[in-house]
file target.txt (compact mmCIF, C-alpha atoms and all ligand atoms)
# COMPACT_ATOMS: atom_id res chain seq x y z
CA MET C 92 4.61 15.34 -8.32
CA LYS C 93 1.69 15.82 -10.75
CA LYS C 94 -1.73 15.37 -9.10
CA VAL C 95 -3.79 12.56 -10.62
CA ARG C 96 -6.89 10.67 -9.54
CA ASN C 97 -6.42 7.08 -8.38
CA LEU C 98 -9.01 4.44 -7.51
CA ILE C 99 -7.91 2.64 -4.36
CA ASN C 100 -11.25 2.36 -2.54
CA ILE C 101 -14.76 2.82 -3.92
CA THR C 102 -15.18 5.86 -1.64
CA ASP C 103 -12.53 7.64 -3.73
CA LEU C 104 -15.45 8.27 -6.08
CA THR C 105 -18.48 10.37 -5.19
CA VAL C 106 -21.97 9.03 -5.85
CA GLU C 107 -22.24 11.59 -8.67
CA GLU C 108 -19.02 10.30 -10.24
CA ILE C 109 -20.27 6.71 -10.00
CA ASN C 110 -23.52 7.73 -11.70
CA GLN C 111 -21.48 9.45 -14.40
CA LEU C 112 -19.39 6.28 -14.95
CA ILE C 113 -22.58 4.23 -15.27
CA GLU C 114 -23.92 6.70 -17.85
CA VAL C 115 -20.69 6.52 -19.86
CA ALA C 116 -20.70 2.69 -19.68
CA ASP C 117 -24.21 2.70 -21.14
CA ASP C 118 -23.21 5.23 -23.79
CA ILE C 119 -20.26 3.01 -24.76
CA VAL C 120 -22.71 0.19 -25.51
CA ALA C 121 -25.14 2.47 -27.34
CA ASN C 122 -22.49 4.32 -29.38
CA HIS C 123 -19.59 1.90 -29.56
CA ALA C 124 -18.11 3.35 -32.75
CA GLU C 125 -17.61 6.72 -31.06
CA TYR C 126 -15.16 5.15 -28.60
CA GLU C 127 -13.16 2.88 -30.90
CA ASN C 128 -10.15 5.12 -31.20
CA ILE C 129 -10.58 7.42 -28.25
CA CYS C 130 -7.49 6.11 -26.39
CA ALA C 131 -5.19 5.89 -29.41
CA HIS C 132 -1.54 6.15 -28.30
CA LYS C 133 -2.47 5.57 -24.64
CA LYS C 134 -1.05 2.57 -22.78
CA LEU C 135 -2.52 0.61 -19.87
CA ALA C 136 -0.19 -1.52 -17.72
CA THR C 137 -1.71 -4.45 -15.83
CA LEU C 138 0.53 -5.47 -12.93
CA PHE C 139 -0.96 -8.60 -11.42
CA PHE C 140 1.01 -10.06 -8.52
CA GLU C 141 -1.95 -12.43 -7.88
CA PRO C 142 -3.99 -14.60 -10.29
CA SER C 143 -6.96 -13.12 -12.14
CA THR C 144 -9.10 -13.87 -15.17
CA ARG C 145 -11.87 -11.25 -15.20
CA THR C 146 -10.19 -8.20 -13.71
CA ARG C 147 -7.00 -8.34 -15.75
CA LEU C 148 -8.54 -9.47 -19.03
CA SER C 149 -11.51 -7.11 -18.83
CA PHE C 150 -9.12 -4.20 -18.23
CA GLU C 151 -7.04 -5.27 -21.20
CA ALA C 152 -10.12 -5.79 -23.40
CA ALA C 153 -11.42 -2.41 -22.24
CA MET C 154 -8.25 -0.56 -23.27
CA LEU C 155 -8.00 -2.42 -26.58
CA GLU C 156 -11.65 -1.59 -27.41
CA LEU C 157 -10.85 2.06 -26.71
CA GLY C 158 -8.06 1.93 -29.30
CA GLY C 159 -5.21 1.93 -26.76
CA SER C 160 -2.47 -0.62 -26.04
CA VAL C 161 -1.69 -2.86 -23.08
CA LEU C 162 1.44 -4.20 -21.42
CA GLY C 163 2.10 -5.91 -18.12
CA PHE C 164 2.51 -9.20 -16.29
CA SER C 165 0.05 -11.73 -14.90
CA GLU C 166 2.12 -13.22 -12.07
CA ALA C 167 4.77 -11.90 -9.74
CA LYS C 168 7.26 -14.56 -10.76
CA SER C 169 7.47 -13.22 -14.32
CA SER C 170 8.40 -9.75 -13.03
CA SER C 171 11.44 -8.53 -11.12
CA ALA C 172 9.42 -8.93 -7.91
CA ALA C 173 10.80 -12.48 -8.11
CA LYS C 174 14.29 -10.96 -7.70
CA GLY C 175 13.21 -8.95 -4.67
CA GLU C 176 12.14 -5.68 -6.28
CA SER C 177 9.73 -3.61 -4.17
CA VAL C 178 6.23 -2.67 -5.35
CA SER C 179 7.31 0.97 -5.16
CA ASP C 180 10.21 0.49 -7.55
CA THR C 181 8.16 -1.66 -9.94
CA VAL C 182 5.38 0.90 -10.13
CA ARG C 183 7.73 3.86 -10.42
CA THR C 184 9.41 2.12 -13.35
CA VAL C 185 6.19 1.12 -15.10
CA GLY C 186 4.96 4.71 -14.72
CA CYS C 187 7.72 5.57 -17.24
CA TYR C 188 6.17 3.18 -19.79
CA ALA C 189 2.40 3.46 -19.36
CA ASP C 190 -0.25 6.18 -18.97
CA ILE C 191 -2.35 4.30 -16.42
CA ILE C 192 -1.79 1.24 -14.19
CA ALA C 193 -4.21 -1.41 -12.95
CA MET C 194 -2.67 -3.63 -10.28
CA ARG C 195 -3.56 -6.53 -8.01
CA HIS C 196 -1.45 -7.43 -5.01
CA PRO C 197 -1.86 -9.88 -2.11
CA LYS C 198 -0.86 -7.23 0.46
CA GLU C 199 -3.51 -4.85 1.78
CA GLY C 200 -2.48 -1.27 1.10
CA ALA C 201 -0.01 -2.06 -1.71
CA PRO C 202 -1.90 0.18 -4.20
CA ILE C 203 -1.72 3.10 -1.76
CA VAL C 204 2.05 2.73 -1.61
CA ALA C 205 2.11 2.44 -5.40
CA ALA C 206 0.05 5.60 -5.85
CA GLN C 207 2.61 7.58 -3.83
CA ARG C 208 5.43 6.50 -6.13
CA THR C 209 4.19 7.33 -9.60
CA THR C 210 2.62 10.20 -11.51
CA VAL C 211 0.17 8.02 -13.46
CA PRO C 212 -3.27 6.95 -12.16
CA ILE C 213 -3.29 3.73 -10.13
CA ILE C 214 -6.33 1.47 -10.13
CA ASN C 215 -6.64 -1.10 -7.36
CA GLY C 216 -7.62 -4.42 -8.95
CA GLY C 217 -7.79 -6.07 -5.51
CA ASP C 218 -5.47 -5.82 -2.50
CA GLY C 219 -5.47 -8.86 -0.24
CA GLY C 220 -8.72 -9.23 1.69
CA HIS C 221 -9.19 -5.46 1.68
CA PHE C 222 -10.87 -3.77 -1.31
CA HIS C 223 -11.80 -4.46 -4.92
CA PRO C 224 -13.34 -1.20 -6.12
CA THR C 225 -13.58 -2.02 -9.84
CA GLN C 226 -15.55 -5.16 -8.95
CA THR C 227 -17.85 -2.88 -6.98
CA LEU C 228 -18.30 -0.59 -9.99
CA THR C 229 -19.07 -3.72 -11.99
CA ASP C 230 -21.62 -4.79 -9.39
CA LEU C 231 -23.26 -1.37 -9.30
CA LEU C 232 -23.58 -1.26 -13.09
CA THR C 233 -25.06 -4.79 -13.06
CA ILE C 234 -27.59 -3.87 -10.37
CA LYS C 235 -28.52 -0.63 -12.17
CA ARG C 236 -29.01 -2.43 -15.48
CA LYS C 237 -31.04 -5.26 -13.93
CA LYS C 238 -33.10 -3.32 -11.38
CA GLY C 239 -33.13 0.16 -12.93
CA ARG C 240 -32.10 1.65 -9.57
CA LEU C 241 -29.48 1.47 -6.84
CA ASP C 242 -31.70 2.24 -3.85
CA ASN C 243 -34.50 0.61 -1.86
CA MET C 244 -33.67 -3.06 -2.00
CA THR C 245 -32.68 -6.00 0.18
CA ILE C 246 -29.29 -7.48 -0.62
CA GLY C 247 -28.19 -10.88 0.65
CA LEU C 248 -24.44 -11.44 0.77
CA CYS C 249 -23.55 -15.10 1.16
CA GLY C 250 -20.39 -17.11 1.79
CA ASP C 251 -17.00 -15.89 2.85
CA LEU C 252 -17.86 -12.44 4.17
CA LYS C 253 -14.69 -12.28 6.24
CA PHE C 254 -12.08 -12.48 3.49
CA GLY C 255 -14.30 -11.52 0.55
CA ARG C 256 -13.01 -8.10 -0.46
CA THR C 257 -15.78 -7.72 -3.07
CA VAL C 258 -18.32 -7.92 -0.25
CA HIS C 259 -16.57 -5.26 1.85
CA SER C 260 -16.40 -2.85 -1.09
CA LEU C 261 -20.00 -3.51 -2.18
CA ILE C 262 -21.37 -2.87 1.32
CA GLU C 263 -19.39 0.35 1.55
CA ALA C 264 -20.77 1.48 -1.81
CA MET C 265 -24.39 0.56 -1.09
CA LEU C 266 -24.32 2.38 2.25
CA ARG C 267 -24.47 5.60 0.26
CA TYR C 268 -27.89 4.79 -1.23
CA GLU C 269 -31.29 5.10 0.48
CA GLY C 270 -33.32 2.17 1.75
CA ILE C 271 -30.74 -0.62 1.47
CA LYS C 272 -31.09 -3.61 3.81
CA PHE C 273 -28.32 -6.17 4.14
CA VAL C 274 -28.80 -9.82 5.02
CA LEU C 275 -25.40 -11.32 5.81
CA ILE C 276 -25.36 -15.08 5.30
CA SER C 277 -22.24 -16.86 6.53
CA PRO C 278 -20.90 -19.37 9.03
CA GLN C 279 -19.82 -17.69 12.28
CA GLU C 280 -16.14 -18.04 11.38
CA LEU C 281 -16.64 -16.15 8.11
CA GLN C 282 -18.75 -13.22 9.27
CA VAL C 283 -17.99 -9.72 7.99
CA PRO C 284 -15.18 -8.04 9.96
CA ASP C 285 -16.13 -5.69 12.81
CA TYR C 286 -14.89 -2.63 10.94
CA VAL C 287 -17.51 -3.29 8.22
CA LYS C 288 -20.23 -3.73 10.86
CA GLU C 289 -19.14 -0.45 12.44
CA LYS C 290 -19.48 1.29 9.08
CA MET C 291 -22.99 -0.12 8.60
CA ASP C 292 -23.97 1.04 12.08
CA ALA C 293 -22.45 4.48 11.58
CA ALA C 294 -24.46 4.85 8.36
CA GLY C 295 -27.64 3.76 10.16
CA ALA C 296 -28.07 0.79 7.82
CA GLU C 297 -30.45 -2.06 8.57
CA TRP C 298 -28.59 -5.39 8.66
CA THR C 299 -29.04 -8.89 10.01
CA GLU C 300 -26.80 -11.96 10.20
CA VAL C 301 -28.14 -15.46 9.48
CA GLU C 302 -26.45 -18.81 8.99
CA THR C 303 -28.70 -20.44 6.36
CA LEU C 304 -29.55 -19.46 2.81
CA GLU C 305 -33.05 -20.88 3.24
CA GLU C 306 -34.08 -18.34 5.88
CA ALA C 307 -32.75 -15.43 3.83
CA ILE C 308 -33.80 -16.18 0.25
CA PRO C 309 -37.54 -15.25 0.22
CA GLN C 310 -36.92 -11.60 1.18
CA LEU C 311 -34.05 -10.85 -1.22
CA ASP C 312 -33.95 -8.61 -4.31
CA ILE C 313 -30.27 -9.37 -4.88
CA LEU C 314 -28.39 -12.49 -3.84
CA TYR C 315 -24.62 -11.98 -3.99
CA MET C 316 -22.86 -15.32 -3.69
CA THR C 317 -19.14 -15.55 -2.94
CA ARG C 318 -16.45 -18.21 -2.96
CA VAL C 319 -14.69 -19.28 0.24
CA GLN C 320 -11.27 -17.67 -0.23
CA ARG C 321 -8.91 -20.62 0.12
CA GLU C 322 -5.81 -18.46 -0.44
CA ARG C 323 -6.54 -16.37 2.69
CA PHE C 324 -6.93 -19.29 5.13
CA PHE C 325 -4.18 -20.10 7.59
CA ASN C 326 -4.86 -23.84 7.48
CA GLU C 327 -6.30 -26.23 4.91
CA GLU C 328 -8.39 -28.08 7.52
CA ASP C 329 -10.54 -25.00 8.21
CA TYR C 330 -10.95 -24.35 4.50
CA VAL C 331 -12.10 -27.92 3.82
CA ARG C 332 -14.60 -27.73 6.67
CA LEU C 333 -16.11 -24.44 5.46
CA LYS C 334 -15.75 -24.55 1.68
CA ASP C 335 -19.15 -26.06 0.90
CA SER C 336 -21.13 -24.18 3.54
CA TYR C 337 -23.50 -22.86 0.86
CA ILE C 338 -24.45 -24.35 -2.47
CA LEU C 339 -27.17 -22.50 -4.35
CA ASN C 340 -29.30 -24.85 -6.46
CA LEU C 341 -32.71 -24.73 -8.15
CA GLU C 342 -34.41 -26.29 -5.13
CA LYS C 343 -33.21 -23.49 -2.84
CA LEU C 344 -34.45 -20.95 -5.38
CA GLU C 345 -38.03 -22.23 -5.16
CA THR C 346 -38.87 -19.71 -2.44
CA ALA C 347 -37.03 -16.80 -4.10
CA LYS C 348 -38.66 -13.80 -5.76
CA GLU C 349 -39.27 -14.10 -9.49
CA ASP C 350 -37.20 -11.01 -10.13
CA LEU C 351 -34.31 -11.95 -7.84
CA THR C 352 -30.93 -10.99 -9.31
CA ILE C 353 -28.29 -13.64 -8.60
CA MET C 354 -24.79 -12.25 -8.68
CA HIS C 355 -21.30 -13.65 -8.09
CA PRO C 356 -18.02 -11.83 -8.73
CA LEU C 357 -16.58 -15.16 -9.95
CA PRO C 358 -14.57 -17.36 -10.02
CA ARG C 359 -17.08 -19.84 -8.67
CA VAL C 360 -16.00 -23.13 -7.16
CA ASN C 361 -19.00 -25.06 -5.77
CA GLU C 362 -21.22 -22.37 -4.36
CA ILE C 363 -23.61 -22.14 -7.32
CA SER C 364 -24.66 -25.36 -9.06
CA VAL C 365 -24.30 -25.15 -12.83
CA GLU C 366 -28.02 -25.96 -13.14
CA VAL C 367 -28.68 -22.40 -11.91
CA ASP C 368 -26.80 -20.90 -14.88
CA ASP C 369 -29.82 -21.26 -17.18
CA ASP C 370 -32.23 -19.70 -14.70
CA PRO C 371 -33.18 -16.21 -15.97
CA ARG C 372 -32.32 -14.82 -12.53
CA ALA C 373 -28.64 -15.84 -12.88
CA CYS C 374 -26.68 -12.71 -13.82
CA TYR C 375 -23.05 -13.55 -13.06
CA PHE C 376 -21.82 -13.84 -16.65
CA PHE C 377 -23.72 -10.68 -17.57
CA GLN C 378 -21.94 -9.16 -14.56
CA ALA C 379 -18.56 -10.12 -16.08
CA LEU C 380 -19.56 -8.31 -19.29
CA CYS C 381 -20.60 -5.24 -17.30
CA GLY C 382 -17.07 -5.33 -15.84
CA LYS C 383 -15.59 -4.54 -19.24
CA HIS C 384 -18.00 -1.65 -19.91
CA ILE C 385 -17.45 0.03 -16.55
CA ARG C 386 -13.65 -0.37 -16.79
CA MET C 387 -13.77 1.34 -20.20
CA ALA C 388 -15.63 4.22 -18.56
CA LEU C 389 -13.16 4.28 -15.65
CA ILE C 390 -10.08 4.40 -17.90
CA LEU C 391 -11.57 7.39 -19.75
CA PHE C 392 -12.45 9.10 -16.47
CA LEU C 393 -8.99 8.69 -14.93
CA LEU C 394 -7.26 9.77 -18.13
CA GLY C 395 -9.58 12.78 -18.39
CA ILE C 396 -10.82 11.78 -21.85
CA LYS C 397 -14.37 12.57 -22.97
CA ARG C 398 -16.29 11.59 -26.07
CA ALA C 399 -16.37 14.56 -28.50
N1 LIG M 401 -14.05 -11.06 -9.87
C1 LIG M 401 -12.72 -11.14 -9.98
O1 LIG M 401 -11.97 -10.36 -9.40
O2 LIG M 401 -12.29 -12.17 -10.78
P1 LIG M 401 -10.78 -12.48 -11.10
O3 LIG M 401 -10.12 -12.93 -9.82
O4 LIG M 401 -10.82 -13.55 -12.14
O5 LIG M 401 -10.16 -11.21 -11.60
call {"tool": "encode", "arguments": {"input": "target.txt", "output": "C-alpha cells"}}
result
Amino acid sequence: MKKVRNLINITDLTVEEINQLIEVADDIVANHAEYENICAHKKLATLFFEPSTRTRLSFEAAMLELGGSVLGFSEAKSSSAAKGESVSDTVRTVGCYADIIAMRHPKEGAPIVAAQRTTVPIINGGDGGHFHPTQTLTDLLTIKRKKGRLDNMTIGLCGDLKFGRTVHSLIEAMLRYEGIKFVLISPQELQVPDYVKEKMDAAGAEWTEVETLEEAIPQLDILYMTRVQRERFFNEEDYVRLKDSYILNLEKLETAKEDLTIMHPLPRVNEISVEVDDDPRACYFFQALCGKHIRMALILFLLGIKRA
C-alpha cells in the first residue's frame, strides 16, 4: 500500500509541522487569491457517523475555498453503515472516490482502523471521547493569533474534562511547549482521565485540580470552557445533575485578567451565558473561523500541495 500521512492524534505532527501549518493558515488569509484554485480536481470526502456543525462544514468550506470538491454523508443512517457495513469497507470504498477523507466516529480508534484500509490520507474529526486533533490545531492557531505565542501561559480547562476529547488533545499538544501551567476545573466525576494525568506528570507539567471557576479565574491567560458531553453519559440522571456545574457570566469575569482569552470548541449549551459573547475576551466564534483556515492548511499539507 502507498504510504501517506494521516492525522489521527495531534502527536502525529511534530511541533515544527504545527508551526508550519500555522504559518500557511496565516498566509492563506494574507494571500487568499493564491490559494483559490490550488486544489482544483481534488476531492475531499467527509464521513460523519456522528453529528457535527463546525468540523464537517469547516472542512467542506476549506476544500471549496481551495478550489476542490466535496462529497460525503453527515449521519451514519444515510450511509450503508445503516445496513451493517463496517467502517473498514466504507473507507476502502470511499478511498476509490476521494483524494482525502475527514471522518468522525463514535468509536475510539475507528480512524486508526480506517487508515489501515485505504491509500488516501485519513483525518480524525473526532473519535468517541478519545481525540479531536483538528480542533486542537484550531485551538493552537487561535491561541497563537490572540497571544502571539504558544508558550509560557496558564490555561484553565473547565467542564467535562473526562469525556471532552478536545481537552485531552489540547493538553497533549500544549505539553510540548515551555512554561505551560494547567488548571483543571471540573466536578470530581468529570476529572481528566488518569492516562492524561500520567502524560502531564511524565512531561513534568505543572497542574492543579479545582472544583470552582471562581478560584481559578484570576490566574488564567486562557479559559477553555467545555460542554458536558450528554452523549457519553451512561444515565440521564447523572447528566442532569452535572450539566450546569459551570456557567460563565460577566459577574464571574470580574476578577479575570483584561487580556484573558475565552475559548470554547462549541457547541455551547449553558456553560457560557450569551451576555459574555460581546465581551472582547470572548474568542469562540473567532476560534470557529480559525478552524477553517487551519483545515485549509492541513488539507494542503496532507495532499503535499504547496503554494507556487
Ligand atoms: N468543535 C466541534 O467539534 O464542533 P462540531 O461538533 O460542531 O463539529
call {"tool": "residues_near_point", "arguments": {"input": "target.txt", "point": "(-16.0, -0.7, -12.2)", "cutoff": "9 Å", "atoms": "all atoms listed in the file", "output": "MDAnalysis selection string"}}
result
chainID C and resid 109 112:113 224:232 381:389
call {"tool": "residues_near_ligand", "arguments": {"input": "target.txt", "ligand": "ligand LIG 401 (chain M)", "cutoff": "12 Å", "atoms": "all atoms listed in the file", "output": "PyMOL selection string"}}
result
chain C and resi 137+139-151+165+193-197+215-220+222-230+255-258+316-318+320+322+354-360+375-376+378-383
call {"tool": "write_last_selection", "arguments": {"input": "target.txt", "atoms": "C-alpha atoms", "output": "CSV table (one decimal), in the coordinates of the input"}}
result
chain,number,residue,atom,x,y,z
C,137,THR,CA,-1.7,-4.4,-15.8
C,139,PHE,CA,-1.0,-8.6,-11.4
C,140,PHE,CA,1.0,-10.1,-8.5
C,141,GLU,CA,-2.0,-12.4,-7.9
C,142,PRO,CA,-4.0,-14.6,-10.3
C,143,SER,CA,-7.0,-13.1,-12.1
C,144,THR,CA,-9.1,-13.9,-15.2
C,145,ARG,CA,-11.9,-11.2,-15.2
C,146,THR,CA,-10.2,-8.2,-13.7
C,147,ARG,CA,-7.0,-8.3,-15.8
C,148,LEU,CA,-8.5,-9.5,-19.0
C,149,SER,CA,-11.5,-7.1,-18.8
C,150,PHE,CA,-9.1,-4.2,-18.2
C,151,GLU,CA,-7.0,-5.3,-21.2
C,165,SER,CA,0.0,-11.7,-14.9
C,193,ALA,CA,-4.2,-1.4,-13.0
C,194,MET,CA,-2.7,-3.6,-10.3
C,195,ARG,CA,-3.6,-6.5,-8.0
C,196,HIS,CA,-1.4,-7.4,-5.0
C,197,PRO,CA,-1.9,-9.9,-2.1
C,215,ASN,CA,-6.6,-1.1,-7.4
C,216,GLY,CA,-7.6,-4.4,-9.0
C,217,GLY,CA,-7.8,-6.1,-5.5
C,218,ASP,CA,-5.5,-5.8,-2.5
C,219,GLY,CA,-5.5,-8.9,-0.2
C,220,GLY,CA,-8.7,-9.2,1.7
C,222,PHE,CA,-10.9,-3.8,-1.3
C,223,HIS,CA,-11.8,-4.5,-4.9
C,224,PRO,CA,-13.3,-1.2,-6.1
C,225,THR,CA,-13.6,-2.0,-9.8
C,226,GLN,CA,-15.6,-5.2,-9.0
C,227,THR,CA,-17.8,-2.9,-7.0
C,228,LEU,CA,-18.3,-0.6,-10.0
C,229,THR,CA,-19.1,-3.7,-12.0
C,230,ASP,CA,-21.6,-4.8,-9.4
C,255,GLY,CA,-14.3,-11.5,0.6
C,256,ARG,CA,-13.0,-8.1,-0.5
C,257,THR,CA,-15.8,-7.7,-3.1
C,258,VAL,CA,-18.3,-7.9,-0.2
C,316,MET,CA,-22.9,-15.3,-3.7
C,317,THR,CA,-19.1,-15.6,-2.9
C,318,ARG,CA,-16.4,-18.2,-3.0
C,320,GLN,CA,-11.3,-17.7,-0.2
C,322,GLU,CA,-5.8,-18.5,-0.4
C,354,MET,CA,-24.8,-12.2,-8.7
C,355,HIS,CA,-21.3,-13.6,-8.1
C,356,PRO,CA,-18.0,-11.8,-8.7
C,357,LEU,CA,-16.6,-15.2,-10.0
C,358,PRO,CA,-14.6,-17.4,-10.0
C,359,ARG,CA,-17.1,-19.8,-8.7
C,360,VAL,CA,-16.0,-23.1,-7.2
C,375,TYR,CA,-23.0,-13.6,-13.1
C,376,PHE,CA,-21.8,-13.8,-16.6
C,378,GLN,CA,-21.9,-9.2,-14.6
C,379,ALA,CA,-18.6,-10.1,-16.1
C,380,LEU,CA,-19.6,-8.3,-19.3
C,381,CYS,CA,-20.6,-5.2,-17.3
C,382,GLY,CA,-17.1,-5.3,-15.8
C,383,LYS,CA,-15.6,-4.5,-19.2
call {"tool": "atom_distance", "arguments": {"input": "target.txt", "atom1": "atom CA of C:Leu241", "atom2": "atom CA of C:Tyr126"}}
result
26.3 Å
call {"tool": "atom_distance", "arguments": {"input": "target.txt", "atom1": "atom CA of C:Ile353", "atom2": "atom CA of C:Phe254"}}
result
20.3 Å
call {"tool": "closest_atom_pairs", "arguments": {"input": "target.txt", "of": "stretch 205-251 of chain C", "to": "stretch 298-308 of chain C", "cutoff": "10 Å", "atoms": "only C-alpha atoms", "output": "tab-separated table"}}
result
residue	atom	partner	partner_atom	distance
C:Thr245	CA	C:Trp298	CA	9.4
C:Ile246	CA	C:Trp298	CA	9.5
C:Gly247	CA	C:Ala307	CA	7.2
C:Leu248	CA	C:Ala307	CA	9.7
C:Cys249	CA	C:Leu304	CA	7.6
C:Gly250	CA	C:Leu304	CA	9.5
call {"tool": "closest_residue", "arguments": {"input": "target.txt", "among": "C:Lys198, C:Arg208, C:His123, C:Arg321", "to": "C:Asp251", "atoms": "all atoms listed in the file"}}
result
C:Arg321
call {"tool": "closest_residue", "arguments": {"input": "target.txt", "among": "C:Lys334, C:Lys237, C:Arg183, C:Lys174", "to": "C:Ala373", "atoms": "only C-alpha atoms"}}
result
C:Lys237
call {"tool": "atom_distance", "arguments": {"input": "target.txt", "atom1": "atom CA of C:Leu157", "atom2": "atom CA of C:Glu114"}}
result
16.5 Å
call {"tool": "closest_residue", "arguments": {"input": "target.txt", "among": "C:Glu127, C:Ala347, C:Val204, C:Thr352", "to": "C:Ser179", "atoms": "only C-alpha atoms"}}
result
C:Val204
call {"tool": "build_atoms", "arguments": {"input": "target.txt", "residues": "stretch 168-179 of chain C", "atoms": "N, CA, C and O atoms", "output": "CSV table (one decimal), in the frame of the given file"}}
result
chain,number,residue,atom,x,y,z
C,168,LYS,N,6.0,-13.9,-10.4
C,168,LYS,CA,7.3,-14.6,-10.8
C,168,LYS,C,7.8,-14.2,-12.2
C,168,LYS,O,8.9,-14.5,-12.5
C,169,SER,N,6.9,-13.6,-13.0
C,169,SER,CA,7.5,-13.2,-14.3
C,169,SER,C,7.9,-11.7,-14.3
C,169,SER,O,8.1,-11.2,-15.4
C,170,SER,N,7.9,-11.1,-13.1
C,170,SER,CA,8.4,-9.8,-13.0
C,170,SER,C,9.6,-9.8,-12.1
C,170,SER,O,10.0,-10.8,-11.5
C,171,SER,N,10.2,-8.6,-12.0
C,171,SER,CA,11.4,-8.5,-11.1
C,171,SER,C,11.1,-8.6,-9.6
C,171,SER,O,12.0,-8.5,-8.8
C,172,ALA,N,9.8,-8.7,-9.3
C,172,ALA,CA,9.4,-8.9,-7.9
C,172,ALA,C,10.1,-10.2,-7.5
C,172,ALA,O,10.4,-10.4,-6.3
C,173,ALA,N,10.2,-11.2,-8.4
C,173,ALA,CA,10.8,-12.5,-8.1
C,173,ALA,C,12.3,-12.3,-7.7
C,173,ALA,O,12.8,-13.2,-7.1
C,174,LYS,N,12.9,-11.2,-8.1
C,174,LYS,CA,14.3,-11.0,-7.7
C,174,LYS,C,14.4,-10.1,-6.5
C,174,LYS,O,15.4,-9.6,-6.1
C,175,GLY,N,13.2,-9.7,-5.9
C,175,GLY,CA,13.2,-9.0,-4.7
C,175,GLY,C,12.9,-7.5,-4.9
C,175,GLY,O,13.0,-6.7,-3.9
C,176,GLU,N,12.5,-7.1,-6.1
C,176,GLU,CA,12.1,-5.7,-6.3
C,176,GLU,C,10.9,-5.3,-5.5
C,176,GLU,O,9.9,-6.1,-5.4
C,177,SER,N,10.9,-4.1,-5.0
C,177,SER,CA,9.7,-3.6,-4.2
C,177,SER,C,8.6,-3.2,-5.1
C,177,SER,O,8.9,-2.8,-6.3
C,178,VAL,N,7.4,-3.2,-4.6
C,178,VAL,CA,6.2,-2.7,-5.4
C,178,VAL,C,6.5,-1.2,-5.8
C,178,VAL,O,6.2,-0.8,-6.9
C,179,SER,N,7.0,-0.4,-4.9
C,179,SER,CA,7.3,1.0,-5.2
C,179,SER,C,8.2,1.1,-6.4
C,179,SER,O,7.9,1.9,-7.3
